[in-house]
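K.L.:
So that we are looking at the same thing, I have put the structure below in structure tokens.
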Amino acid sequence: MDWNSVNILAVLLGGVFYMMYGGIYYSSLLGKKSRSNEIKDHQSEGPLKYMISVIIAFIISFFMGVFVQWIGIENWMEGLALGFMIGLLISLVYLKNRLFGLMSQPAFLIAIGDHLIIFTLLGALHGVLN
């Protein structure tokens, strides 16, 4: 693995894209009118959650770039497939947590929807720009 071969432009665009997507996804699903008390009661207070989310967006985009480079993905379809597989694996972890009562059904559905979509899109973006 050549760490210098990771496309920095794709990492930066992916991080920004992840933040934009998250803002749209969560604001539409967790708007004040539709927000369940269970989700609202477990949110962190203050701006720290937003700063950490920004950092995580770029870390995830970086690792997607690493995987795309490492596997040798050369187009958006291969990247899309990789991203979907990663999103599916993360969703399976959420399913296990849901089965053991570690999260509510609404939180589970919101989380798996988010991860399936964003990882699939990030994979496609990195596949295009690799």
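Residue names in the structure tokens use chain letters A, B, ... in the order shown, residue numbers from 1 in each chain, and ligand numbers from 1 in the order shown.
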Considering only C-alpha atoms, return as a VMD selection string whatever protein or nucleic-acid residues lie within 10 Å of Met85 (chain A), sequence-local ones (same chain, fewer than 5 positions apart) excluded.
P.N.:
chain A and resid 79 to 80 90 to 91 116 119 to 120 123
K.L.:
Given the selection you just returned, output its residues as a file containing C-alpha atoms, formatted as a compact mmCIF listing (two decimals), in the first residue's frame.
P.N.:
```txt
# COMPACT_ATOMS: atom_id res chain seq x y z
CA GLY A 79 -16.36 1.90 -5.67
CA LEU A 80 -20.14 1.81 -5.31
CA ILE A 90 -21.76 -1.58 9.62
CA SER A 91 -25.52 -2.11 9.39
CA LEU A 116 -25.88 2.21 3.71
CA PHE A 119 -20.79 4.59 2.35
CA THR A 120 -22.21 3.57 -1.03
CA GLY A 123 -17.29 4.47 -2.48
```
K.L.:
Set the distance at 9 Å and use only C-alpha atoms: which residues neighbour Val68 (chain A) once local chain neighbours fewer than 2 positions away are removed? I'd like the list as a PyMOL selection string.
P.N.:
chain A and resi 6+63-66+70-74+78-79+82+123+126-127+130
K.L.:
Quick one: pull the distance between CA of Val93 (chain A) and CA of Ile112 (chain A), Å, one decimal.
P.N.:
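Straight-line distance from CA of Val93 (chain A) to CA of Ile112 (chain A) works out to 9.5 Å.
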K.L.:
Using CA of Gly87 (chain A) and CA of Leu122 (chain A) as the two end points, give the distance in Å to one decimal.
P.N.:
10.2 Å
K.L.:
Which residue gives the smallest distance to Gly15 (chain A) among A:Ser61, A:Ser44, A:Ser53, A:Ser27, with only C-alpha atoms counted?
P.N.:
A:Ser61
K.L.:
Between CA of Ile118 (chain A) and CA of Glu45 (chain A), measure the distance and give it in Å to one decimal.
P.N.:
24.6 Å
K.L.:
Taking into account only C-alpha atoms, which residue in the set A:Ala107, A:Leu129, A:Ile56, A:Leu92 is nearest to Met19 (chain A)?
P.N.:
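Using only C-alpha atoms, the shortest distance to Met19 (chain A) belongs to A:Ile56.
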K.L.:
Find, counting only C-alpha atoms, the residue in A:Leu125, A:Leu95, A:Gly46, A:Leu109 that gets nearest to Val16 (chain A).
P.N.:
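Of A:Leu125, A:Leu95, A:Gly46, A:Leu109, the one nearest Val16 (chain A), counting only C-alpha atoms, is A:Leu125.
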K.L.:
Point out the residue among A:Ala57, A:Val128, A:Met20, A:Ala111 with the least atom-to-atom distance to Arg98 (chain A), counting only C-alpha atoms.
P.N.:
A:Ala111
K.L.:
Would you mind writing down, as a ChimeraX atom specification, each residue of chain A that DSSP on the backbone assigns to helix (DSSP H, G or I)?
P.N.:
/A:3-5,8-29,37-41,48-71,76-99,105-129
